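Asker: So here's input.pdb, just PDB, C-alpha atoms:
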```pdb
ATOM      1  CA  MET E   1      10.517  16.006  22.220
ATOM      2  CA  ALA E   2       9.645  12.571  23.555
ATOM      3  CA  ASP E   3      12.295   9.933  23.885
ATOM      4  CA  PRO E   4      11.760   7.380  21.103
ATOM      5  CA  ARG E   5      12.344   4.270  23.203
ATOM      6  CA  ARG E   6      12.199   1.232  21.014
ATOM      7  CA  SER E   7      10.723  -1.043  23.626
ATOM      8  CA  GLU E   8       7.570   1.005  23.986
ATOM      9  CA  PRO E   9       5.439   1.800  20.922
ATOM     10  CA  LEU E  10       4.774   5.507  20.507
ATOM     11  CA  PHE E  11       1.544   7.487  20.524
ATOM     12  CA  LEU E  12       0.986  10.490  18.272
ATOM     13  CA  ASP E  13       1.757  12.660  21.315
ATOM     14  CA  ASP E  14       5.263  11.145  21.499
ATOM     15  CA  LEU E  15       6.138  12.058  17.919
ATOM     16  CA  ALA E  16       7.684  15.258  16.595
ATOM     17  CA  VAL E  17       8.961  16.528  13.263
ATOM     18  CA  GLY E  18      12.578  15.552  12.746
ATOM     19  CA  GLN E  19      12.504  12.431  14.914
ATOM     20  CA  ARG E  20      14.459   9.609  13.295
ATOM     21  CA  PHE E  21      14.298   5.827  13.453
ATOM     22  CA  SER E  22      16.499   3.061  12.057
ATOM     23  CA  SER E  23      15.524  -0.498  11.234
ATOM     24  CA  ALA E  24      17.390  -3.790  11.397
ATOM     25  CA  SER E  25      18.485  -5.211   8.036
ATOM     26  CA  HIS E  26      17.335  -7.876   5.588
ATOM     27  CA  THR E  27      19.486  -9.623   2.998
ATOM     28  CA  ILE E  28      17.722 -10.549  -0.228
ATOM     29  CA  ASP E  29      18.923 -13.373  -2.472
ATOM     30  CA  GLU E  30      18.152 -14.596  -5.970
ATOM     31  CA  ALA E  31      15.689 -17.224  -4.712
ATOM     32  CA  GLN E  32      13.626 -14.591  -2.834
ATOM     33  CA  ILE E  33      13.624 -12.285  -5.863
ATOM     34  CA  LYS E  34      12.420 -15.041  -8.195
ATOM     35  CA  ALA E  35       9.824 -16.381  -5.740
ATOM     36  CA  PHE E  36       8.232 -12.936  -5.287
ATOM     37  CA  ALA E  37       8.359 -12.234  -9.030
ATOM     38  CA  THR E  38       6.815 -15.582  -9.919
ATOM     39  CA  GLN E  39       3.850 -14.778  -7.710
ATOM     40  CA  PHE E  40       3.420 -11.042  -8.256
ATOM     41  CA  ASP E  41       5.643  -9.602 -10.998
ATOM     42  CA  PRO E  42       6.463 -12.279 -13.570
ATOM     43  CA  GLN E  43       8.718 -10.315 -15.911
ATOM     44  CA  PRO E  44      12.052 -11.535 -17.366
ATOM     45  CA  PHE E  45      14.230  -8.977 -15.522
ATOM     46  CA  HIS E  46      12.894 -10.280 -12.175
ATOM     47  CA  LEU E  47      12.954 -13.987 -13.090
ATOM     48  CA  ASP E  48      15.924 -14.773 -15.300
ATOM     49  CA  GLY E  49      19.424 -13.348 -14.843
ATOM     50  CA  GLN E  50      20.431 -14.137 -18.420
ATOM     51  CA  ALA E  51      17.340 -12.574 -20.004
ATOM     52  CA  ALA E  52      17.673  -9.577 -17.650
ATOM     53  CA  LYS E  53      21.041  -8.629 -19.165
ATOM     54  CA  THR E  54      19.456  -7.281 -22.341
ATOM     55  CA  THR E  55      16.841  -5.204 -20.484
ATOM     56  CA  LEU E  56      16.915  -1.738 -18.958
ATOM     57  CA  PHE E  57      18.022  -3.344 -15.669
ATOM     58  CA  GLY E  58      21.169  -4.945 -17.151
ATOM     59  CA  GLY E  59      20.832  -7.915 -14.800
ATOM     60  CA  LEU E  60      18.490  -9.580 -12.331
ATOM     61  CA  ALA E  61      16.646  -7.037 -10.163
ATOM     62  CA  ALA E  62      13.951  -7.351  -7.523
ATOM     63  CA  SER E  63      10.455  -6.106  -8.259
ATOM     64  CA  GLY E  64       9.978  -2.627  -6.818
ATOM     65  CA  TRP E  65       6.980  -4.040  -4.948
ATOM     66  CA  HIS E  66       9.293  -6.615  -3.400
ATOM     67  CA  THR E  67      11.559  -3.815  -2.158
ATOM     68  CA  ALA E  68       8.432  -2.098  -0.814
ATOM     69  CA  ALA E  69       7.293  -5.289   0.947
ATOM     70  CA  ILE E  70      10.716  -5.833   2.570
ATOM     71  CA  THR E  71      10.723  -2.184   3.640
ATOM     72  CA  MET E  72       7.357  -2.756   5.323
ATOM     73  CA  LYS E  73       8.679  -5.845   7.108
ATOM     74  CA  LEU E  74      11.662  -3.866   8.408
ATOM     75  CA  LEU E  75       9.435  -0.987   9.548
ATOM     76  CA  VAL E  76       7.000  -3.323  11.316
ATOM     77  CA  GLU E  77       9.635  -5.477  13.017
ATOM     78  CA  SER E  78      12.108  -2.810  14.084
ATOM     79  CA  GLY E  79      12.015   0.431  12.145
ATOM     80  CA  LEU E  80       8.987   2.384  13.344
ATOM     81  CA  PRO E  81       7.581   1.562  16.808
ATOM     82  CA  LEU E  82       4.061   2.998  16.629
ATOM     83  CA  ARG E  83       1.248   2.275  19.034
ATOM     84  CA  GLY E  84      -1.523   0.515  17.141
ATOM     85  CA  GLY E  85       0.892  -0.649  14.445
ATOM     86  CA  ILE E  86       1.765   0.791  11.069
ATOM     87  CA  ILE E  87      -1.462   1.672   9.284
ATOM     88  CA  GLY E  88      -1.047   3.631   6.074
ATOM     89  CA  SER E  89      -3.665   5.320   3.960
ATOM     90  CA  GLY E  90      -1.188   5.711   1.122
ATOM     91  CA  GLY E  91       1.937   7.487   0.032
ATOM     92  CA  GLU E  92       4.483   8.190  -2.643
ATOM     93  CA  VAL E  93       7.069   5.614  -3.595
ATOM     94  CA  SER E  94      10.068   5.800  -5.896
ATOM     95  CA  TRP E  95      12.846   3.406  -6.769
ATOM     96  CA  PRO E  96      15.993   5.388  -7.676
ATOM     97  CA  LYS E  97      18.083   2.196  -8.063
ATOM     98  CA  PRO E  98      17.216  -1.506  -8.415
ATOM     99  CA  THR E  99      17.554  -3.977  -5.547
ATOM    100  CA  ARG E 100      19.995  -6.740  -6.571
ATOM    101  CA  PRO E 101      20.576 -10.316  -5.399
ATOM    102  CA  GLY E 102      22.782 -10.251  -2.285
ATOM    103  CA  ASP E 103      21.785  -6.731  -1.258
ATOM    104  CA  THR E 104      21.380  -6.069   2.449
ATOM    105  CA  LEU E 105      18.605  -3.532   2.945
ATOM    106  CA  SER E 106      17.847  -1.312   5.928
ATOM    107  CA  VAL E 107      15.436   1.571   6.412
ATOM    108  CA  SER E 108      15.933   4.976   7.997
ATOM    109  CA  SER E 109      12.807   6.999   8.679
ATOM    110  CA  GLU E 110      12.138  10.587   9.617
ATOM    111  CA  ILE E 111       8.913  12.141  10.855
ATOM    112  CA  GLU E 112       8.050  14.989   8.472
ATOM    113  CA  GLU E 113       4.658  16.054   9.815
ATOM    114  CA  VAL E 114       2.437  15.372  12.842
ATOM    115  CA  ILE E 115      -1.233  16.288  12.429
ATOM    116  CA  PRO E 116      -3.738  15.689  15.250
ATOM    117  CA  SER E 117      -7.196  15.015  13.821
ATOM    118  CA  ARG E 118      -9.650  17.873  14.323
ATOM    119  CA  SER E 119     -12.719  15.659  14.137
ATOM    120  CA  ARG E 120     -11.336  12.583  15.944
ATOM    121  CA  PRO E 121      -9.582  13.421  19.250
ATOM    122  CA  ASP E 122      -8.412   9.808  19.598
ATOM    123  CA  ARG E 123      -6.032   9.865  16.636
ATOM    124  CA  GLY E 124      -3.975  11.780  14.139
ATOM    125  CA  THR E 125      -1.904  11.435  11.022
ATOM    126  CA  ILE E 126       1.835  11.516  10.524
ATOM    127  CA  ARG E 127       3.868  11.838   7.349
ATOM    128  CA  VAL E 128       7.004   9.721   7.429
ATOM    129  CA  ARG E 129       9.845   9.616   4.912
ATOM    130  CA  SER E 130      11.483   6.191   4.817
ATOM    131  CA  GLU E 131      14.661   5.644   2.810
ATOM    132  CA  THR E 132      15.650   2.070   2.071
ATOM    133  CA  ARG E 133      19.375   1.674   1.459
ATOM    134  CA  ASN E 134      21.572  -1.181   0.316
ATOM    135  CA  GLN E 135      24.905  -2.166   1.896
ATOM    136  CA  HIS E 136      26.691   0.497  -0.199
ATOM    137  CA  GLY E 137      24.515   3.234   1.253
ATOM    138  CA  GLU E 138      22.689   3.679  -2.052
ATOM    139  CA  VAL E 139      19.003   4.552  -1.800
ATOM    140  CA  VAL E 140      16.901   1.887  -3.544
ATOM    141  CA  GLN E 141      13.524   3.209  -2.390
ATOM    142  CA  VAL E 142      12.052   6.390  -0.997
ATOM    143  CA  LEU E 143       8.625   6.083   0.576
ATOM    144  CA  VAL E 144       6.722   9.064   1.933
ATOM    145  CA  ALA E 145       3.762   7.555   3.739
ATOM    146  CA  LYS E 146       0.745   8.905   5.598
ATOM    147  CA  LEU E 147       0.048   6.857   8.703
ATOM    148  CA  VAL E 148      -2.765   6.865  11.256
ATOM    149  CA  VAL E 149      -1.527   6.945  14.872
ATOM    150  CA  PRO E 150      -3.621   6.841  18.087
ATOM    151  CA  ARG E 151      -3.336   9.559  20.751
ATOM    152  CA  ARG E 152      -2.319   8.898  24.337
ATOM    153  CA  ALA E 153      -5.273  10.650  25.969
ATOM    154  CA  ALA E 154      -7.744   8.625  23.928
ATOM    155  CA  ALA E 155      -6.176   5.365  25.069
ATOM    156  CA  ALA E 156      -6.627   6.361  28.717
ATOM    157  CA  VAL E 157     -10.284   7.267  28.152
ATOM    158  CA  ALA E 158     -11.206   4.335  25.876
ATOM    159  CA  ASN E 159     -13.311   1.533  27.359
TER     160      ASN E 159
ATOM    161  CA  MET C   1      -5.036   6.813 -31.690
ATOM    162  CA  ALA C   2      -3.536   3.361 -32.050
ATOM    163  CA  ASP C   3      -5.649   0.310 -31.517
ATOM    164  CA  PRO C   4      -4.729  -1.215 -28.146
ATOM    165  CA  ARG C   5      -4.668  -4.809 -29.285
ATOM    166  CA  ARG C   6      -3.957  -7.066 -26.369
ATOM    167  CA  SER C   7      -2.022  -9.625 -28.330
ATOM    168  CA  GLU C   8       0.673  -7.157 -29.333
ATOM    169  CA  PRO C   9       2.492  -5.159 -26.644
ATOM    170  CA  LEU C  10       2.416  -1.422 -27.282
ATOM    171  CA  PHE C  11       5.202   1.070 -27.912
ATOM    172  CA  LEU C  12       5.103   4.618 -26.568
ATOM    173  CA  ASP C  13       4.007   5.676 -30.077
ATOM    174  CA  ASP C  14       0.882   3.529 -29.741
ATOM    175  CA  LEU C  15      -0.263   5.189 -26.527
ATOM    176  CA  ALA C  16      -2.436   8.266 -26.078
ATOM    177  CA  VAL C  17      -4.027  10.118 -23.190
ATOM    178  CA  GLY C  18      -7.404   8.645 -22.310
ATOM    179  CA  GLN C  19      -6.659   5.131 -23.551
ATOM    180  CA  ARG C  20      -8.075   2.526 -21.172
ATOM    181  CA  PHE C  21      -7.168  -1.054 -20.295
ATOM    182  CA  SER C  22      -8.833  -3.712 -18.150
ATOM    183  CA  SER C  23      -7.209  -6.659 -16.431
ATOM    184  CA  ALA C  24      -8.399 -10.157 -15.639
ATOM    185  CA  SER C  25      -9.285 -10.800 -11.990
ATOM    186  CA  HIS C  26      -7.702 -12.409  -8.941
ATOM    187  CA  THR C  27      -9.544 -13.786  -5.912
ATOM    188  CA  ILE C  28      -7.728 -13.437  -2.614
ATOM    189  CA  ASP C  29      -8.415 -15.712   0.346
ATOM    190  CA  GLU C  30      -7.518 -15.756   4.023
ATOM    191  CA  ALA C  31      -4.558 -18.092   3.467
ATOM    192  CA  GLN C  32      -3.004 -15.724   0.891
ATOM    193  CA  ILE C  33      -3.530 -12.732   3.178
ATOM    194  CA  LYS C  34      -1.880 -14.464   6.134
ATOM    195  CA  ALA C  35       0.997 -15.885   4.066
ATOM    196  CA  PHE C  36       1.895 -12.459   2.645
ATOM    197  CA  ALA C  37       1.538 -10.800   6.048
ATOM    198  CA  THR C  38       3.679 -13.414   7.779
ATOM    199  CA  GLN C  39       6.487 -12.686   5.346
ATOM    200  CA  PHE C  40       6.157  -8.926   4.859
ATOM    201  CA  ASP C  41       3.633  -7.257   7.160
ATOM    202  CA  PRO C  42       3.284  -9.244  10.396
ATOM    203  CA  GLN C  43       0.621  -7.181  12.171
ATOM    204  CA  PRO C  44      -2.461  -8.586  13.982
ATOM    205  CA  PHE C  45      -5.024  -7.106  11.566
ATOM    206  CA  HIS C  46      -3.369  -8.985   8.677
ATOM    207  CA  LEU C  47      -2.732 -12.238  10.566
ATOM    208  CA  ASP C  48      -5.569 -12.968  12.981
ATOM    209  CA  GLY C  49      -9.264 -12.427  12.258
ATOM    210  CA  GLN C  50     -10.185 -12.396  15.932
ATOM    211  CA  ALA C  51      -7.502  -9.896  16.938
ATOM    212  CA  ALA C  52      -8.349  -7.768  13.886
ATOM    213  CA  LYS C  53     -11.872  -7.107  15.179
ATOM    214  CA  THR C  54     -10.676  -4.660  17.828
ATOM    215  CA  THR C  55      -8.453  -2.713  15.390
ATOM    216  CA  LEU C  56      -9.159   0.126  12.988
ATOM    217  CA  PHE C  57      -9.851  -2.507  10.301
ATOM    218  CA  GLY C  58     -12.658  -4.218  12.237
ATOM    219  CA  GLY C  59     -11.702  -7.593  10.773
ATOM    220  CA  LEU C  60      -9.004  -9.375   8.784
ATOM    221  CA  ALA C  61      -7.641  -7.208   5.958
ATOM    222  CA  ALA C  62      -4.857  -7.703   3.424
ATOM    223  CA  SER C  63      -1.693  -5.641   3.709
ATOM    224  CA  GLY C  64      -1.858  -2.661   1.364
ATOM    225  CA  TRP C  65       1.405  -3.923  -0.127
ATOM    226  CA  HIS C  66      -0.326  -7.224  -0.864
ATOM    227  CA  THR C  67      -3.054  -5.363  -2.761
ATOM    228  CA  ALA C  68      -0.279  -3.515  -4.601
ATOM    229  CA  ALA C  69       1.500  -6.778  -5.453
ATOM    230  CA  ILE C  70      -1.700  -8.395  -6.763
ATOM    231  CA  THR C  71      -2.386  -5.246  -8.792
ATOM    232  CA  MET C  72       1.069  -5.590 -10.350
ATOM    233  CA  LYS C  73       0.425  -9.248 -11.190
ATOM    234  CA  LEU C  74      -2.852  -8.314 -12.901
ATOM    235  CA  LEU C  75      -1.198  -5.472 -14.837
ATOM    236  CA  VAL C  76       1.698  -7.683 -15.973
ATOM    237  CA  GLU C  77      -0.425 -10.681 -16.965
ATOM    238  CA  SER C  78      -3.341  -8.943 -18.641
ATOM    239  CA  GLY C  79      -3.914  -5.341 -17.647
ATOM    240  CA  LEU C  80      -1.312  -3.234 -19.414
ATOM    241  CA  PRO C  81       0.314  -4.674 -22.558
ATOM    242  CA  LEU C  82       3.486  -2.588 -22.875
ATOM    243  CA  ARG C  83       6.459  -3.379 -25.071
ATOM    244  CA  GLY C  84       9.458  -3.992 -22.857
ATOM    245  CA  GLY C  85       7.247  -4.812 -19.879
ATOM    246  CA  ILE C  86       6.027  -2.713 -17.001
ATOM    247  CA  ILE C  87       8.966  -0.772 -15.605
ATOM    248  CA  GLY C  88       8.099   1.866 -13.048
ATOM    249  CA  SER C  89      10.274   4.546 -11.521
ATOM    250  CA  GLY C  90       7.690   5.199  -8.829
ATOM    251  CA  GLY C  91       4.252   6.581  -8.203
ATOM    252  CA  GLU C  92       1.544   7.467  -5.737
ATOM    253  CA  VAL C  93      -0.519   4.785  -4.069
ATOM    254  CA  SER C  94      -3.558   5.016  -1.802
ATOM    255  CA  TRP C  95      -5.850   2.456  -0.228
ATOM    256  CA  PRO C  96      -9.348   3.945   0.189
ATOM    257  CA  LYS C  97     -10.778   0.634   1.484
ATOM    258  CA  PRO C  98      -9.222  -2.592   2.793
ATOM    259  CA  THR C  99      -8.995  -5.756   0.718
ATOM    260  CA  ARG C 100     -10.866  -8.559   2.522
ATOM    261  CA  PRO C 101     -10.724 -12.380   2.377
ATOM    262  CA  GLY C 102     -12.799 -13.581  -0.585
ATOM    263  CA  ASP C 103     -12.478 -10.344  -2.542
ATOM    264  CA  THR C 104     -12.112 -10.654  -6.304
ATOM    265  CA  LEU C 105      -9.874  -7.860  -7.552
ATOM    266  CA  SER C 106      -9.470  -6.425 -11.031
ATOM    267  CA  VAL C 107      -7.663  -3.382 -12.353
ATOM    268  CA  SER C 108      -8.753  -0.702 -14.781
ATOM    269  CA  SER C 109      -6.078   1.635 -16.071
ATOM    270  CA  GLU C 110      -6.100   4.888 -17.975
ATOM    271  CA  ILE C 111      -3.202   6.646 -19.669
ATOM    272  CA  GLU C 112      -2.972  10.152 -18.184
ATOM    273  CA  GLU C 113       0.176  11.446 -19.851
ATOM    274  CA  VAL C 114       2.587  10.414 -22.632
ATOM    275  CA  ILE C 115       5.984  12.105 -22.589
ATOM    276  CA  PRO C 116       8.634  11.269 -25.213
ATOM    277  CA  SER C 117      12.111  11.692 -23.740
ATOM    278  CA  ARG C 118      13.963  14.730 -25.087
ATOM    279  CA  SER C 119      17.407  13.281 -24.386
ATOM    280  CA  ARG C 120      16.696   9.622 -25.252
ATOM    281  CA  PRO C 121      14.909   9.176 -28.610
ATOM    282  CA  ASP C 122      14.488   5.449 -27.922
ATOM    283  CA  ARG C 123      12.053   5.835 -25.032
ATOM    284  CA  GLY C 124       9.593   7.922 -23.102
ATOM    285  CA  THR C 125       7.554   8.035 -19.930
ATOM    286  CA  ILE C 126       3.862   7.527 -19.372
ATOM    287  CA  ARG C 127       1.733   8.303 -16.353
ATOM    288  CA  VAL C 128      -0.951   5.669 -15.767
ATOM    289  CA  ARG C 129      -3.789   5.704 -13.248
ATOM    290  CA  SER C 130      -4.729   2.176 -12.176
ATOM    291  CA  GLU C 131      -7.789   1.595 -10.024
ATOM    292  CA  THR C 132      -8.085  -1.766  -8.308
ATOM    293  CA  ARG C 133     -11.684  -2.699  -7.519
ATOM    294  CA  ASN C 134     -13.313  -5.509  -5.586
ATOM    295  CA  GLN C 135     -16.346  -7.521  -6.747
ATOM    296  CA  HIS C 136     -18.687  -4.786  -5.404
ATOM    297  CA  GLY C 137     -17.034  -2.164  -7.590
ATOM    298  CA  GLU C 138     -15.421  -0.495  -4.575
ATOM    299  CA  VAL C 139     -11.966   0.966  -5.162
ATOM    300  CA  VAL C 140      -9.426  -0.658  -2.822
ATOM    301  CA  GLN C 141      -6.353   0.933  -4.381
ATOM    302  CA  VAL C 142      -5.486   3.842  -6.622
ATOM    303  CA  LEU C 143      -2.019   3.793  -8.148
ATOM    304  CA  VAL C 144      -0.703   6.607 -10.310
ATOM    305  CA  ALA C 145       2.556   5.271 -11.714
ATOM    306  CA  LYS C 146       5.292   6.603 -13.954
ATOM    307  CA  LEU C 147       6.468   3.973 -16.409
ATOM    308  CA  VAL C 148       9.287   3.833 -18.943
ATOM    309  CA  VAL C 149       8.166   2.684 -22.412
ATOM    310  CA  PRO C 150      10.321   2.125 -25.531
ATOM    311  CA  ARG C 151       9.597   3.892 -28.824
ATOM    312  CA  ARG C 152       8.836   2.096 -32.077
ATOM    313  CA  ALA C 153      11.430   3.877 -34.192
ATOM    314  CA  ALA C 154      14.196   3.002 -31.758
ATOM    315  CA  ALA C 155      13.301  -0.683 -31.917
ATOM    316  CA  ALA C 156      13.605  -0.625 -35.717
ATOM    317  CA  VAL C 157      17.048   0.991 -35.536
ATOM    318  CA  ALA C 158      18.442  -0.985 -32.603
ATOM    319  CA  ASN C 159      20.637  -3.932 -33.604
TER     320      ASN C 159
END
```
Can the structure from this file be put into structure tokens for me?
Answerer:
Amino acid sequence: MADPRRSEPLFLDDLAVGQRFSSASHTIDEAQIKAFATQFDPQPFHLDGQAAKTTLFGGLAASGWHTAAITMKLLVESGLPLRGGIIGSGGEVSWPKPTRPGDTLSVSSEIEEVIPSRSRPDRGTIRVRSETRNQHGEVVQVLVAKLVVPRRAAAAVAN
Amino acid sequence: MADPRRSEPLFLDDLAVGQRFSSASHTIDEAQIKAFATQFDPQPFHLDGQAAKTTLFGGLAASGWHTAAITMKLLVESGLPLRGGIIGSGGEVSWPKPTRPGDTLSVSSEIEEVIPSRSRPDRGTIRVRSETRNQHGEVVQVLVAKLVVPRRAAAAVAN
């Protein structure tokens, strides 16, 4: 198995099932939650702490899409050093618990599958499971994403 | 099947498989794409049109999470009138094509499943397929989400 050195982004050839990566952290506050919700998810439980009390959330909670966006930021900046960047064709997302004001989120990822393309020798696909946790270790999001990753040989041949 | 009147948010009891909903539209520009990417997905293909040309995207493209966030805004504001709001526990998302600067997005949704809760008579779950299309009718995102929806009877009984 290749050594997942952080300083050098990885090719498909460097990745193997079971490899794990950890991100830095991001602390979310009430202002961030309300700013995101105002723009993209304007519902009372994401905008108004008082109104949120009588909802299913029982208090102010971040939009799930906000948790997803912060997860992406953490993956891009520190959590998943892939050559060519993090390019996803899609995935499955779930939010087992809400993200709350003051939560400090970090992401741990594990490679679940590595699939070289049969038709395109310059790339392949990986399946990555990324769990986003708060400061109590509670999982607030699980994302299983399919990503496109370039191959090392192709890079040497290209241009 | 209940009449899906837009002016009155719907209970689980009002929903049936096959029911369809359409949202208003949102036009995305380069400034929005770069602002979202700067905050949540700082990669060259979302930040710099010139740099994006040599990537898999072949030009500036919105973050998939930005397309997801705009989809949520359209669903909340006009696309899916649910009593209690749009509360998702998760779902599957895919991005068949990139969202580009100048694209005008709208969302069409179809109810795929309606499941009253066996343990909680006050609510149920629905599965909704939401397709986000650009002005050419091309699908840029497919989201199949599981949402929690309150029941009518429970609302009559509750407090």
Asker: Env of Ser22 (chain C): 7 Å cut, atoms = all atoms listed in the file, seq-sep filter 2 positions within chain, self excluded. Answer as a ChimeraX atom specification.
Answerer: /C:20,24,79,107-109
Asker: Could you list, as a PyMOL selection string, every residue matched by the ChimeraX specification (/C :<8) & /E in this structure?
Answerer: chain E and resi 39-43+55+64-65+68-70+72-73+76-77+84-85+88-96
Asker: For CA of Val149 (chain C) and CA of Ile28 (chain E), determine how far apart the two atoms are, in Å to one decimal place.
Answerer: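 For CA of Val149 (chain C) relative to CA of Ile28 (chain E), the distance reads 27.5 Å.
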Asker: One number please: CA of Pro9 (chain E) to CA of Ser23 (chain E), in Å, one decimal.
Answerer: 14.2 Å
Asker: Enumerate, as a list in words, the residues matched when the PyMOL selection byres ((chain E and resi 59) around 12) is run on the file above.
Answerer: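 That expression, the PyMOL selection byres ((chain E and resi 59) around 12), corresponds here to Glu30, Pro44, Phe45, His46, Leu47, Asp48, Gly49, Gln50, Ala51, Ala52, Lys53, Thr54, Thr55, Leu56, Phe57, Gly58, Leu60, Ala61, Ala62, Pro98, Thr99, Arg100 and Pro101 of chain E.
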Asker: Just to be explicit: take each residue in the selection above, keep C-alpha atoms, and write the result as a short mmCIF file (atom, residue, chain, number, x, y, z; two decimals), in the coordinates of the input.
Answerer:
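The resulting file, result-v7.cif, is reproduced below:
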```cif
data_model
loop_
_atom_site.label_atom_id
_atom_site.label_comp_id
_atom_site.auth_asym_id
_atom_site.auth_seq_id
_atom_site.Cartn_x
_atom_site.Cartn_y
_atom_site.Cartn_z
CA GLU E 30 18.15 -14.60 -5.97
CA PRO E 44 12.05 -11.54 -17.37
CA PHE E 45 14.23 -8.98 -15.52
CA HIS E 46 12.89 -10.28 -12.18
CA LEU E 47 12.95 -13.99 -13.09
CA ASP E 48 15.92 -14.77 -15.30
CA GLY E 49 19.42 -13.35 -14.84
CA GLN E 50 20.43 -14.14 -18.42
CA ALA E 51 17.34 -12.57 -20.00
CA ALA E 52 17.67 -9.58 -17.65
CA LYS E 53 21.04 -8.63 -19.16
CA THR E 54 19.46 -7.28 -22.34
CA THR E 55 16.84 -5.20 -20.48
CA LEU E 56 16.92 -1.74 -18.96
CA PHE E 57 18.02 -3.34 -15.67
CA GLY E 58 21.17 -4.94 -17.15
CA LEU E 60 18.49 -9.58 -12.33
CA ALA E 61 16.65 -7.04 -10.16
CA ALA E 62 13.95 -7.35 -7.52
CA PRO E 98 17.22 -1.51 -8.41
CA THR E 99 17.55 -3.98 -5.55
CA ARG E 100 20.00 -6.74 -6.57
CA PRO E 101 20.58 -10.32 -5.40
#
```
Asker: Please, what is the axis-aligned box for every listed atom of region 140-149 of chain E with 6 Å on each side, as centre and edge lengths in Å to one decimal, as JSON?
Answerer:
```
{"center_x": 7.1, "center_y": 5.5, "center_z": 5.7, "size_x": 31.7, "size_y": 19.2, "size_z": 30.4}
```
Asker: Can you work out the spacing between CA of Val128 (chain C) and CA of Asn134 (chain E) in Å, to one decimal?
Answerer: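 Computing it gives 28.5 Å between the two atoms.
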Asker: May I have the residues within 7 Å of region 114-122 of chain E as a PDB file with C-alpha atoms, in the coordinates of the input, using all atoms listed in the file and disregarding those fewer than 6 positions away in the same chain?
Answerer:
```pdb
ATOM      1  CA  ALA E  16       7.684  15.258  16.595  1.00  0.00           C
ATOM      2  CA  VAL E  17       8.961  16.528  13.263  1.00  0.00           C
ATOM      3  CA  PRO E 150      -3.621   6.841  18.087  1.00  0.00           C
ATOM      4  CA  ARG E 151      -3.336   9.559  20.751  1.00  0.00           C
ATOM      5  CA  ALA E 154      -7.744   8.625  23.928  1.00  0.00           C
TER       6      ALA E 154
END
```
Asker: For each of E:Gly137, E:Thr125, E:Arg152, E:Gly102, take the minimum atom-to-atom distance to Ala31 (chain E), counting only C-alpha atoms, then give the residue where this is smallest.
Answerer: E:Gly102
